[in-house]
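Peer 1: mmCIF, C-alpha atoms and all ligand atoms, file start.cif:
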data_data
#
loop_
_atom_site.label_atom_id
_atom_site.label_comp_id
_atom_site.auth_asym_id
_atom_site.auth_seq_id
_atom_site.Cartn_x
_atom_site.Cartn_y
_atom_site.Cartn_z
CA MET A 1042 88.85 124.41 100.78
CA ARG A 1043 91.61 125.48 98.42
CA LEU A 1044 92.64 121.87 97.88
CA VAL A 1045 89.13 120.85 96.92
CA VAL A 1046 88.86 123.60 94.34
CA SER A 1047 92.22 122.86 92.76
CA ALA A 1048 91.53 119.13 92.57
CA ALA A 1049 88.27 119.79 90.75
CA ALA A 1050 89.98 122.21 88.39
CA VAL A 1051 92.71 119.69 87.67
CA PHE A 1052 90.09 117.04 86.99
CA ALA A 1053 88.42 119.28 84.42
CA ILE A 1054 91.71 119.84 82.58
CA SER A 1055 93.06 116.33 82.55
CA VAL A 1056 89.95 114.23 82.00
CA PRO A 1057 88.33 115.89 79.02
CA ALA A 1058 86.89 112.82 77.32
CA ALA A 1059 85.64 110.76 80.24
CA ALA A 1060 83.80 113.49 82.10
CA GLN A 1061 83.83 117.13 83.02
CA ALA A 1062 84.32 117.86 86.71
CA PRO A 1063 81.05 116.51 88.05
CA ASP A 1064 78.55 118.53 90.02
CA PHE A 1065 79.29 116.76 93.29
CA SER A 1066 76.03 117.89 94.87
CA LYS A 1067 74.21 115.71 92.30
CA VAL A 1068 76.42 112.64 92.63
CA GLN A 1069 74.79 109.67 94.31
CA ILE A 1070 76.80 106.85 95.81
CA LYS A 1071 75.46 103.46 94.72
CA THR A 1072 76.52 100.33 96.57
CA GLU A 1073 76.78 96.77 95.26
CA VAL A 1074 77.54 93.89 97.60
CA VAL A 1075 79.82 91.51 95.66
CA ALA A 1076 80.43 88.93 98.42
CA PRO A 1077 79.65 88.65 102.14
CA GLY A 1078 81.48 91.57 103.77
CA VAL A 1079 82.71 93.03 100.49
CA ALA A 1080 81.07 95.84 98.55
CA VAL A 1081 81.83 98.30 95.80
CA LEU A 1082 80.70 101.93 95.91
CA PHE A 1083 80.10 103.80 92.65
CA GLY A 1084 79.94 107.59 92.60
CA ALA A 1085 82.27 109.90 90.69
CA GLY A 1086 85.89 108.92 90.16
CA GLY A 1087 87.49 105.56 90.86
CA ASN A 1088 85.40 102.67 92.14
CA ILE A 1089 85.62 102.28 95.91
CA GLY A 1090 86.09 98.86 97.48
CA LEU A 1091 84.89 98.11 101.01
CA SER A 1092 85.67 95.34 103.48
CA TYR A 1093 83.26 95.37 106.39
CA GLY A 1094 82.46 93.17 109.35
CA GLU A 1095 83.08 92.79 113.05
CA ASP A 1096 86.60 94.24 112.95
CA GLY A 1097 85.65 97.51 111.27
CA SER A 1098 85.68 98.85 107.74
CA VAL A 1099 88.50 99.14 105.22
CA LEU A 1100 88.00 101.50 102.32
CA ILE A 1101 89.85 101.09 99.02
CA ASP A 1102 90.15 104.58 97.46
CA ASP A 1103 87.93 107.57 98.28
CA GLN A 1104 87.04 109.50 95.08
CA PHE A 1105 86.67 113.27 95.73
CA ALA A 1106 86.63 115.35 98.92
CA PRO A 1107 83.09 116.75 98.44
CA LEU A 1108 81.79 113.15 98.41
CA THR A 1109 83.28 111.98 101.73
CA ASP A 1110 80.09 112.46 103.76
CA LYS A 1111 78.01 110.63 101.15
CA ILE A 1112 80.56 107.81 100.96
CA LEU A 1113 80.57 107.36 104.74
CA ALA A 1114 76.76 107.43 104.74
CA ALA A 1115 76.73 104.69 102.09
CA VAL A 1116 79.14 102.62 104.23
CA ALA A 1117 76.87 103.06 107.25
CA GLY A 1118 73.88 102.19 105.06
CA LEU A 1119 75.34 98.71 104.60
CA GLY A 1120 75.31 98.28 108.37
CA ALA A 1121 79.10 98.54 108.38
CA LYS A 1122 81.19 99.79 111.28
CA PRO A 1123 83.18 103.03 110.94
CA VAL A 1124 86.15 103.14 108.57
CA LYS A 1125 89.45 102.26 110.28
CA TYR A 1126 91.79 101.91 107.35
CA LEU A 1127 92.04 103.32 103.86
CA VAL A 1128 94.17 101.93 101.03
CA ASN A 1129 95.00 104.12 98.03
CA THR A 1130 95.40 102.00 94.89
CA HIS A 1131 97.52 104.85 93.43
CA TRP A 1132 97.96 108.59 93.82
CA HIS A 1133 95.53 109.98 91.17
CA PHE A 1134 93.14 112.56 92.57
CA ASP A 1135 89.97 110.74 91.50
CA HIS A 1136 91.06 107.93 93.87
CA THR A 1137 92.59 109.95 96.74
CA GLY A 1138 90.47 113.11 96.88
CA GLY A 1139 88.86 112.12 100.18
CA ASN A 1140 92.19 111.40 101.91
CA GLU A 1141 92.38 114.69 103.79
CA ASN A 1142 88.88 114.34 105.24
CA LEU A 1143 89.46 110.74 106.26
CA GLY A 1144 92.98 111.39 107.56
CA LYS A 1145 91.66 114.18 109.76
CA ALA A 1146 88.91 111.83 110.99
CA GLY A 1147 91.60 109.45 112.25
CA VAL A 1148 91.53 106.85 109.48
CA THR A 1149 94.95 105.24 108.91
CA ILE A 1150 95.97 105.54 105.26
CA PHE A 1151 98.01 102.82 103.52
CA ALA A 1152 99.67 103.03 100.09
CA HIS A 1153 102.71 102.08 98.05
CA GLU A 1154 105.59 104.37 99.00
CA ASN A 1155 105.62 106.02 95.56
CA VAL A 1156 102.08 107.27 96.21
CA ARG A 1157 103.34 109.19 99.23
CA VAL A 1158 106.41 110.45 97.37
CA ARG A 1159 104.27 111.98 94.61
CA MET A 1160 101.73 113.43 97.01
CA VAL A 1161 104.44 115.05 99.13
CA SER A 1162 106.18 116.70 96.20
CA GLY A 1163 103.22 117.34 93.95
CA ALA A 1164 103.44 115.87 90.46
CA THR A 1165 101.80 115.63 87.08
CA ALA A 1166 98.73 113.45 86.62
CA GLY A 1167 98.00 113.02 82.93
CA VAL A 1168 98.70 116.53 81.66
CA ALA A 1169 97.84 118.51 84.78
CA ALA A 1170 100.05 119.62 87.66
CA VAL A 1171 98.81 118.58 91.09
CA PRO A 1172 100.11 120.65 94.05
CA PRO A 1173 101.82 119.09 97.10
CA ALA A 1174 99.33 117.47 99.47
CA SER A 1175 98.61 118.55 103.04
CA PRO A 1176 99.98 116.33 105.85
CA ALA A 1177 96.57 114.81 106.70
CA THR A 1178 96.21 113.71 103.07
CA LEU A 1179 99.32 111.52 103.10
CA PRO A 1180 99.55 107.76 103.57
CA VAL A 1181 100.85 106.96 107.06
CA VAL A 1182 101.82 103.35 106.35
CA THR A 1183 103.73 102.72 103.13
CA TYR A 1184 105.14 99.59 101.56
CA GLN A 1185 107.10 98.53 98.50
CA ASN A 1186 105.98 94.96 98.03
CA GLY A 1187 102.50 94.96 99.49
CA VAL A 1188 100.99 94.19 102.87
CA SER A 1189 98.16 91.95 104.14
CA PHE A 1190 95.13 92.79 106.27
CA HIS A 1191 93.82 90.03 108.53
CA LEU A 1192 90.31 91.08 109.48
CA ASN A 1193 86.61 90.58 108.96
CA GLY A 1194 87.16 86.84 108.66
CA ASP A 1195 89.32 87.19 105.58
CA ARG A 1196 92.85 87.90 104.45
CA ILE A 1197 93.12 90.85 102.08
CA ASP A 1198 96.41 91.01 100.22
CA ALA A 1199 97.47 94.46 99.05
CA ILE A 1200 99.53 93.44 96.04
CA SER A 1201 102.18 95.74 94.59
CA THR A 1202 104.19 93.97 91.97
CA HIS A 1203 105.28 96.01 88.98
CA GLY A 1204 102.77 98.83 88.71
CA GLY A 1205 102.01 99.86 85.16
CA HIS A 1206 99.25 102.44 85.41
CA THR A 1207 101.69 104.36 87.63
CA ASP A 1208 104.77 103.15 89.55
CA GLY A 1209 102.81 102.94 92.80
CA ASP A 1210 99.83 100.72 92.01
CA THR A 1211 98.21 98.38 94.49
CA ALA A 1212 95.60 95.73 93.73
CA LEU A 1213 93.72 94.07 96.57
CA TYR A 1214 92.72 90.42 96.72
CA TRP A 1215 90.28 88.99 99.28
CA ARG A 1216 91.38 85.36 99.61
CA LYS A 1217 88.19 83.97 101.14
CA ALA A 1218 85.63 86.19 99.43
CA ASN A 1219 87.54 85.72 96.15
CA VAL A 1220 87.29 89.36 95.11
CA LEU A 1221 89.97 91.44 93.36
CA HIS A 1222 90.08 95.24 93.29
CA THR A 1223 92.46 96.25 90.51
CA GLY A 1224 92.56 100.02 90.89
CA ASP A 1225 93.25 101.52 87.46
CA LEU A 1226 95.31 98.52 86.37
CA MET A 1227 91.99 97.60 84.78
CA MET A 1228 89.23 99.87 83.51
CA ASN A 1229 86.37 97.59 82.54
CA GLY A 1230 84.71 98.40 79.21
CA GLN A 1231 86.52 101.73 78.99
CA GLY A 1232 88.60 101.20 75.84
CA PHE A 1233 92.36 101.55 76.10
CA PRO A 1234 94.23 101.66 79.40
CA PHE A 1235 95.57 104.89 80.84
CA VAL A 1236 99.32 104.39 81.21
CA ASP A 1237 100.46 107.48 83.13
CA THR A 1238 104.06 107.65 81.94
CA ASN A 1239 104.51 110.94 83.84
CA SER A 1240 103.88 108.95 87.02
CA GLY A 1241 106.22 106.08 86.17
CA GLY A 1242 103.53 104.07 84.39
CA ASN A 1243 104.75 101.62 81.74
CA VAL A 1244 102.65 99.34 79.56
CA LEU A 1245 105.18 96.48 79.79
CA HIS A 1246 104.97 96.63 83.57
CA LEU A 1247 101.19 96.76 83.26
CA ILE A 1248 101.12 93.51 81.25
CA HIS A 1249 103.41 91.89 83.80
CA THR A 1250 101.22 92.99 86.69
CA LEU A 1251 98.08 91.77 84.91
CA ASP A 1252 99.75 88.39 84.37
CA HIS A 1253 100.33 88.22 88.11
CA LEU A 1254 96.73 89.18 88.90
CA ILE A 1255 95.42 86.58 86.44
CA LYS A 1256 97.51 83.99 88.31
CA VAL A 1257 96.10 85.07 91.67
CA THR A 1258 92.48 84.87 90.51
CA ASN A 1259 90.26 82.10 89.13
CA PRO A 1260 87.14 81.90 86.93
CA GLN A 1261 84.88 82.54 89.94
CA THR A 1262 86.68 85.71 91.08
CA LYS A 1263 84.68 88.94 91.10
CA VAL A 1264 86.85 91.72 89.70
CA ILE A 1265 86.27 95.32 90.79
CA PRO A 1266 87.99 97.55 88.22
CA GLY A 1267 89.19 101.12 88.83
CA HIS A 1268 86.42 102.34 86.53
CA GLY A 1269 83.47 100.54 84.95
CA PRO A 1270 81.26 97.70 86.16
CA VAL A 1271 82.28 94.69 88.24
CA GLY A 1272 83.71 91.99 85.98
CA THR A 1273 85.30 88.57 86.03
CA GLN A 1274 88.66 86.94 85.47
CA ALA A 1275 87.63 86.51 81.81
CA ASP A 1276 87.35 90.30 81.53
CA LEU A 1277 90.76 90.66 83.12
CA ILE A 1278 92.27 88.19 80.63
CA ALA A 1279 90.59 89.91 77.66
CA TRP A 1280 91.90 93.27 78.90
CA ARG A 1281 95.43 91.89 79.12
CA GLU A 1282 95.21 90.34 75.64
CA MET A 1283 93.91 93.58 74.09
CA ILE A 1284 96.82 95.53 75.61
CA ALA A 1285 99.42 92.94 74.63
CA GLY A 1286 98.04 92.85 71.06
CA ALA A 1287 98.35 96.62 70.76
CA VAL A 1288 101.90 96.55 72.12
CA ASP A 1289 102.89 93.84 69.62
CA GLN A 1290 101.65 95.96 66.71
CA ILE A 1291 103.63 99.00 67.82
CA ARG A 1292 106.70 96.96 68.68
CA GLN A 1293 106.77 95.46 65.17
CA ARG A 1294 106.63 98.89 63.55
CA LYS A 1295 109.38 100.12 65.82
CA ALA A 1296 111.50 97.07 64.98
CA LYS A 1297 111.17 97.97 61.28
CA GLY A 1298 112.78 101.30 62.08
CA GLN A 1299 109.64 103.42 61.85
CA THR A 1300 109.52 106.57 63.96
CA LEU A 1301 106.64 107.66 66.17
CA ASP A 1302 105.96 110.54 63.78
CA ALA A 1303 105.62 108.06 60.93
CA VAL A 1304 103.44 105.64 62.86
CA LEU A 1305 100.92 108.11 64.29
CA PRO A 1306 99.33 109.19 60.95
CA ASP A 1307 98.75 105.50 60.10
CA ASN A 1308 96.69 105.25 63.29
CA PRO A 1309 97.34 101.51 63.67
CA LEU A 1310 95.20 101.12 66.80
CA LYS A 1311 92.20 102.99 65.35
CA PRO A 1312 90.24 99.75 64.67
CA MET A 1313 90.52 98.89 68.39
CA GLU A 1314 89.44 102.35 69.58
CA LYS A 1315 86.19 102.71 71.49
CA ALA A 1316 83.95 105.68 70.75
CA LYS A 1317 84.07 108.40 73.42
CA ALA A 1318 86.77 106.49 75.30
CA PHE A 1319 88.91 108.25 77.89
CA ILE A 1320 92.15 107.32 76.08
CA SER A 1321 92.39 107.83 72.31
CA ALA A 1322 94.25 105.46 69.99
CA ASP A 1323 96.88 108.18 69.48
CA ALA A 1324 97.41 108.63 73.20
CA PHE A 1325 97.81 104.90 73.68
CA VAL A 1326 100.30 104.61 70.80
CA LYS A 1327 102.36 107.38 72.42
CA ALA A 1328 102.21 105.69 75.84
CA ILE A 1329 103.34 102.39 74.30
CA TRP A 1330 106.16 104.16 72.48
CA ILE A 1331 107.40 105.85 75.64
CA SER A 1332 107.12 102.55 77.50
CA LEU A 1333 109.17 100.69 74.90
CA ASP A 1334 111.83 103.43 75.04
CA ALA A 1335 111.94 103.56 78.83
CA THR A 1336 115.31 102.83 80.33
CA GLY A 1337 114.15 102.25 83.91
CA PRO A 1338 114.11 98.89 85.66
CA LYS A 1339 112.49 96.16 83.59
CA PRO A 1340 109.79 94.00 85.15
CA HIS A 1341 111.34 90.99 86.82
CA LYS A 1342 110.11 87.42 86.78
CA HIS A 1343 108.53 85.84 89.85
ZN ZN B 1401 94.40 106.45 87.87
#
Can you give me the file's structure in the form of structure tokens?
Ligand SMILES: [Zn+2]
Peer 2:
Amino acid sequence: MRLVVSAAAVFAISVPAAAQAPDFSKVQIKTEVVAPGVAVLFGAGGNIGLSYGEDGSVLIDDQFAPLTDKILAAVAGLGAKPVKYLVNTHWHFDHTGGNENLGKAGVTIFAHENVRVRMVSGATAGVAAVPPASPATLPVVTYQNGVSFHLNGDRIDAISTHGGHTDGDTALYWRKANVLHTGDLMMNGQGFPFVDTNSGGNVLHLIHTLDHLIKVTNPQTKVIPGHGPVGTQADLIAWREMIAGAVDQIRQRKAKGQTLDAVLPDNPLKPMEKAKAFISADAFVKAIWISLDATGPKPHKH
């Protein structure tokens, strides 16, 4: 139980604006079928994707440990078979909190290899330290450049291109159902993006990844974001344009020789800020600044 308690405590520290640590006993899991054999589950934490059908169920993310029973009940409520596979879109605890329960239940966990690296060592999510994960919590199958699932009459591509929210992001695209789950590469209607620079996130990589996801999708695609309601490719494009516009503003100021300390009081992104948003204009300016200064590998062209 110690893990559960610490994850909830960490959530309370690092997510002040979006929500306090929820009372999990009151959380209800709502399901929305977005295409035949594809559903999204809303509860507390990141939106859960589900592929279900004759070959079994694949879960995309798993929110928080105290919700696992309710999540599995919601899956069964759709008439779905038991969960065989789980994909973590990234390592944040509001997307991976159920890993230990599911791992112990025999579910095979997939993720980008950087997800496993951070979970093994423990790391910082936002501003809070997260302790090393137990063995059952860890992804068993890891990849660098994605993997594809051939089941339930569809092909689901787990796409890992450049990350951006972290350095271990995966988006999932159902080719036949024409559904995209973005993880936190997109937060629909939630204001600015969270670029977790402590976890290798970089806004330039994020824009590059979004460009790739826009290419993969089409105007009919249903887009399940990491947080917020199900959207469309138009929402994905608008999200990308908003981010790129903000980056351009900061880049221009930087090019004029302004320092971060000089830019912050001007609050250049304030007009774009959403009330009560998870990420403030200041926080996003800082994340952009760190991203522009980053010396790591630059996003490559396809
Ligand atoms: Zn996240």
Peer 1: Return as CSV the residues of chain A lying at most 8 Å from ligand ZN 1401 (chain B), together with the closest atom-to-atom pair for each and the distance in Å to one decimal, counting only C-alpha atoms and all ligand atoms, with rows in chain order and ascending residue number.
Peer 2:
residue,atom,partner,partner_atom,distance
A:Gly1087,CA,B:ZN1401,ZN,7.6
A:His1131,CA,B:ZN1401,ZN,6.6
A:Trp1132,CA,B:ZN1401,ZN,7.3
A:His1133,CA,B:ZN1401,ZN,5.0
A:Phe1134,CA,B:ZN1401,ZN,7.8
A:Asp1135,CA,B:ZN1401,ZN,7.2
A:His1136,CA,B:ZN1401,ZN,7.0
A:His1206,CA,B:ZN1401,ZN,6.8
A:Thr1207,CA,B:ZN1401,ZN,7.6
A:Gly1224,CA,B:ZN1401,ZN,7.3
A:Asp1225,CA,B:ZN1401,ZN,5.1
A:Phe1235,CA,B:ZN1401,ZN,7.3
A:Asp1237,CA,B:ZN1401,ZN,7.8
A:Gly1267,CA,B:ZN1401,ZN,7.5
Peer 1: Selected residues, C-alpha atoms, written as a PDB file, in the frame of the given file, please.
Peer 2:
ATOM      1  CA  GLY A1087      87.490 105.560  90.860  1.00  0.00           C
ATOM      2  CA  HIS A1131      97.520 104.850  93.430  1.00  0.00           C
ATOM      3  CA  TRP A1132      97.960 108.590  93.820  1.00  0.00           C
ATOM      4  CA  HIS A1133      95.530 109.980  91.170  1.00  0.00           C
ATOM      5  CA  PHE A1134      93.140 112.560  92.570  1.00  0.00           C
ATOM      6  CA  ASP A1135      89.970 110.740  91.500  1.00  0.00           C
ATOM      7  CA  HIS A1136      91.060 107.930  93.870  1.00  0.00           C
ATOM      8  CA  HIS A1206      99.250 102.440  85.410  1.00  0.00           C
ATOM      9  CA  THR A1207     101.690 104.360  87.630  1.00  0.00           C
ATOM     10  CA  GLY A1224      92.560 100.020  90.890  1.00  0.00           C
ATOM     11  CA  ASP A1225      93.250 101.520  87.460  1.00  0.00           C
ATOM     12  CA  PHE A1235      95.570 104.890  80.840  1.00  0.00           C
ATOM     13  CA  ASP A1237     100.460 107.480  83.130  1.00  0.00           C
ATOM     14  CA  GLY A1267      89.190 101.120  88.830  1.00  0.00           C
TER      15      GLY A1267
END
Peer 1: Can you pull out the residues contacting Pro1173 in chain A? Cut-off 7 Å, using all atoms listed in the file, and skip same-chain residues under 3 positions away; I want them as an MDAnalysis selection string.
Peer 2: chainID A and resid 1160:1163
Peer 1: From the list A:Ala1279, A:Leu1127, A:Ala1174, A:Ala1166, which residue is nearest Gly1230 in chain A when using all atoms listed in the file?
Peer 2: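 Of A:Ala1279, A:Leu1127, A:Ala1174, A:Ala1166, the one nearest Gly1230 in chain A, counting all atoms listed in the file, is A:Ala1279.
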Peer 1: What is the CA of Ser1092 in chain A to CA of His1222 in chain A distance in Å?
Peer 2: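 Between CA of Ser1092 in chain A and CA of His1222 in chain A the gap works out to 11.1 Å.
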Peer 1: With all atoms listed in the file as the counted atoms, please give the residues lying no more than 10 Å from Thr1072 in chain A, apart from itself and same-chain residues fewer than 6 positions off, as an NGL selection string.
Peer 2: :A and (1080-1084 or 1089-1091 or 1112 or 1115-1116 or 1118-1119)
Peer 1: Measuring atom to atom with only C-alpha atoms, identify which of A:Ala1303, A:Thr1165, A:Thr1130, A:Ile1248 is nearest to Thr1223 in chain A.
Peer 2: A:Thr1130
Peer 1: At what distance in Å, to one decimal, does CA of Pro1107 in chain A lie from CA of Ala1062 in chain A?
Peer 2: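 Separation of CA of Ala1062 in chain A and CA of Pro1107 in chain A: 11.8 Å.
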Peer 1: Counting all atoms listed in the file, which of A:Ile1101, A:Asn1239, A:Asp1198, A:Val1156 gets nearest to Lys1125 in chain A?
Peer 2: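 Once distances to Lys1125 in chain A are computed over all atoms listed in the file, the minimum belongs to A:Ile1101.
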Peer 1: So what do you get for CA of Asn1155 in chain A versus CA of Asp1103 in chain A, distance-wise?
Peer 2: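 Calculated distance between CA of Asn1155 in chain A and CA of Asp1103 in chain A is 18.0 Å.
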Peer 1: Could you pull out every residue with an atom within 9 Å of (105.8, 101.6, 75.2), file coordinates, counting only C-alpha atoms, and send them as a compact mmCIF listing (two decimals) with C-alpha atoms, keeping the file's coordinate frame?
Peer 2:
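Final output, selection.txt:
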# COMPACT_ATOMS: atom_id res chain seq x y z
CA ASN A 1243 104.75 101.62 81.74
CA VAL A 1244 102.65 99.34 79.56
CA LEU A 1245 105.18 96.48 79.79
CA VAL A 1288 101.90 96.55 72.12
CA ILE A 1291 103.63 99.00 67.82
CA ARG A 1292 106.70 96.96 68.68
CA PHE A 1325 97.81 104.90 73.68
CA VAL A 1326 100.30 104.61 70.80
CA LYS A 1327 102.36 107.38 72.42
CA ALA A 1328 102.21 105.69 75.84
CA ILE A 1329 103.34 102.39 74.30
CA TRP A 1330 106.16 104.16 72.48
CA ILE A 1331 107.40 105.85 75.64
CA SER A 1332 107.12 102.55 77.50
CA LEU A 1333 109.17 100.69 74.90
CA ASP A 1334 111.83 103.43 75.04
CA ALA A 1335 111.94 103.56 78.83
Peer 1: Can you tell me, as AutoDock Vina command-line options, the centre and edge lengths (Å, one decimal) of the axis-aligned box enclosing all of range 1099-1118 of chain A's listed atoms after padding each side by 5 Å?
Peer 2:
--center_x 82.0 --center_y 107.9 --center_z 101.2 --size_x 26.3 --size_y 27.6 --size_z 22.2
Peer 1: Residues around (107.9, 108.3, 93.4), cut-off 8 Å, counting all atoms listed in the file - what are they as a PyMOL selection string?
Peer 2: chain A and resi 1154-1159+1208-1209+1240-1241
Peer 1: Under the rule that all atoms listed in the file are counted, which of A:Ala1106, A:Met1227, A:Ile1265, A:Ala1121 is the nearest residue to Val1075 in chain A?
Peer 2: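 Answer, going by the shortest atom-to-atom distance: A:Ile1265.
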Peer 1: For Thr1273 in chain A, find every residue with an atom within 9 Å (counting all atoms listed in the file), except residues of its own chain fewer than 4 positions away, and show them as a list in words.
Peer 2: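 The neighbour list is Asn1259, Pro1260, Gln1261, Thr1262, Lys1263, Val1264, Ile1265, Leu1277 and Ile1278 of chain A.
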Peer 1: My list of candidates is A:Leu1143, A:Val1236, A:Ala1076, A:Leu1226. Which is closest to Asp1195 in chain A when distances are computed with only C-alpha atoms?
Peer 2: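 For Asp1195 in chain A, the nearest of the given residues is A:Ala1076.
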Peer 1: Determine the nearest neighbour of Val1124 in chain A from the options A:Thr1336, A:Gln1231, A:Thr1137, A:Ser1098, counting all atoms listed in the file.
Peer 2: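 Looking only at the distances to Val1124 in chain A, the closest residue turns out to be A:Ser1098.
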Peer 1: Asp1252 in chain A: which residues within 12 Å, counting only C-alpha atoms, same-chain residues fewer than 6 positions away excluded, as an mmCIF file with C-alpha atoms, in the frame of the given file?
Peer 2:
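Ended up saving to around_4.cif:
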data_model
loop_
_atom_site.group_PDB
_atom_site.id
_atom_site.type_symbol
_atom_site.label_atom_id
_atom_site.label_comp_id
_atom_site.auth_asym_id
_atom_site.auth_seq_id
_atom_site.Cartn_x
_atom_site.Cartn_y
_atom_site.Cartn_z
ATOM 1 C CA THR A 1202 104.190 93.970 91.970
ATOM 2 C CA HIS A 1203 105.280 96.010 88.980
ATOM 3 C CA GLY A 1204 102.770 98.830 88.710
ATOM 4 C CA GLY A 1205 102.010 99.860 85.160
ATOM 5 C CA LEU A 1226 95.310 98.520 86.370
ATOM 6 C CA LEU A 1245 105.180 96.480 79.790
ATOM 7 C CA HIS A 1246 104.970 96.630 83.570
ATOM 8 C CA THR A 1258 92.480 84.870 90.510
ATOM 9 C CA GLN A 1274 88.660 86.940 85.470
ATOM 10 C CA LEU A 1277 90.760 90.660 83.120
ATOM 11 C CA ILE A 1278 92.270 88.190 80.630
ATOM 12 C CA ALA A 1279 90.590 89.910 77.660
ATOM 13 C CA TRP A 1280 91.900 93.270 78.900
ATOM 14 C CA ARG A 1281 95.430 91.890 79.120
ATOM 15 C CA GLU A 1282 95.210 90.340 75.640
ATOM 16 C CA ILE A 1284 96.820 95.530 75.610
ATOM 17 C CA ALA A 1285 99.420 92.940 74.630
ATOM 18 C CA PRO A 1340 109.790 94.000 85.150
ATOM 19 C CA LYS A 1342 110.110 87.420 86.780
ATOM 20 C CA HIS A 1343 108.530 85.840 89.850
#
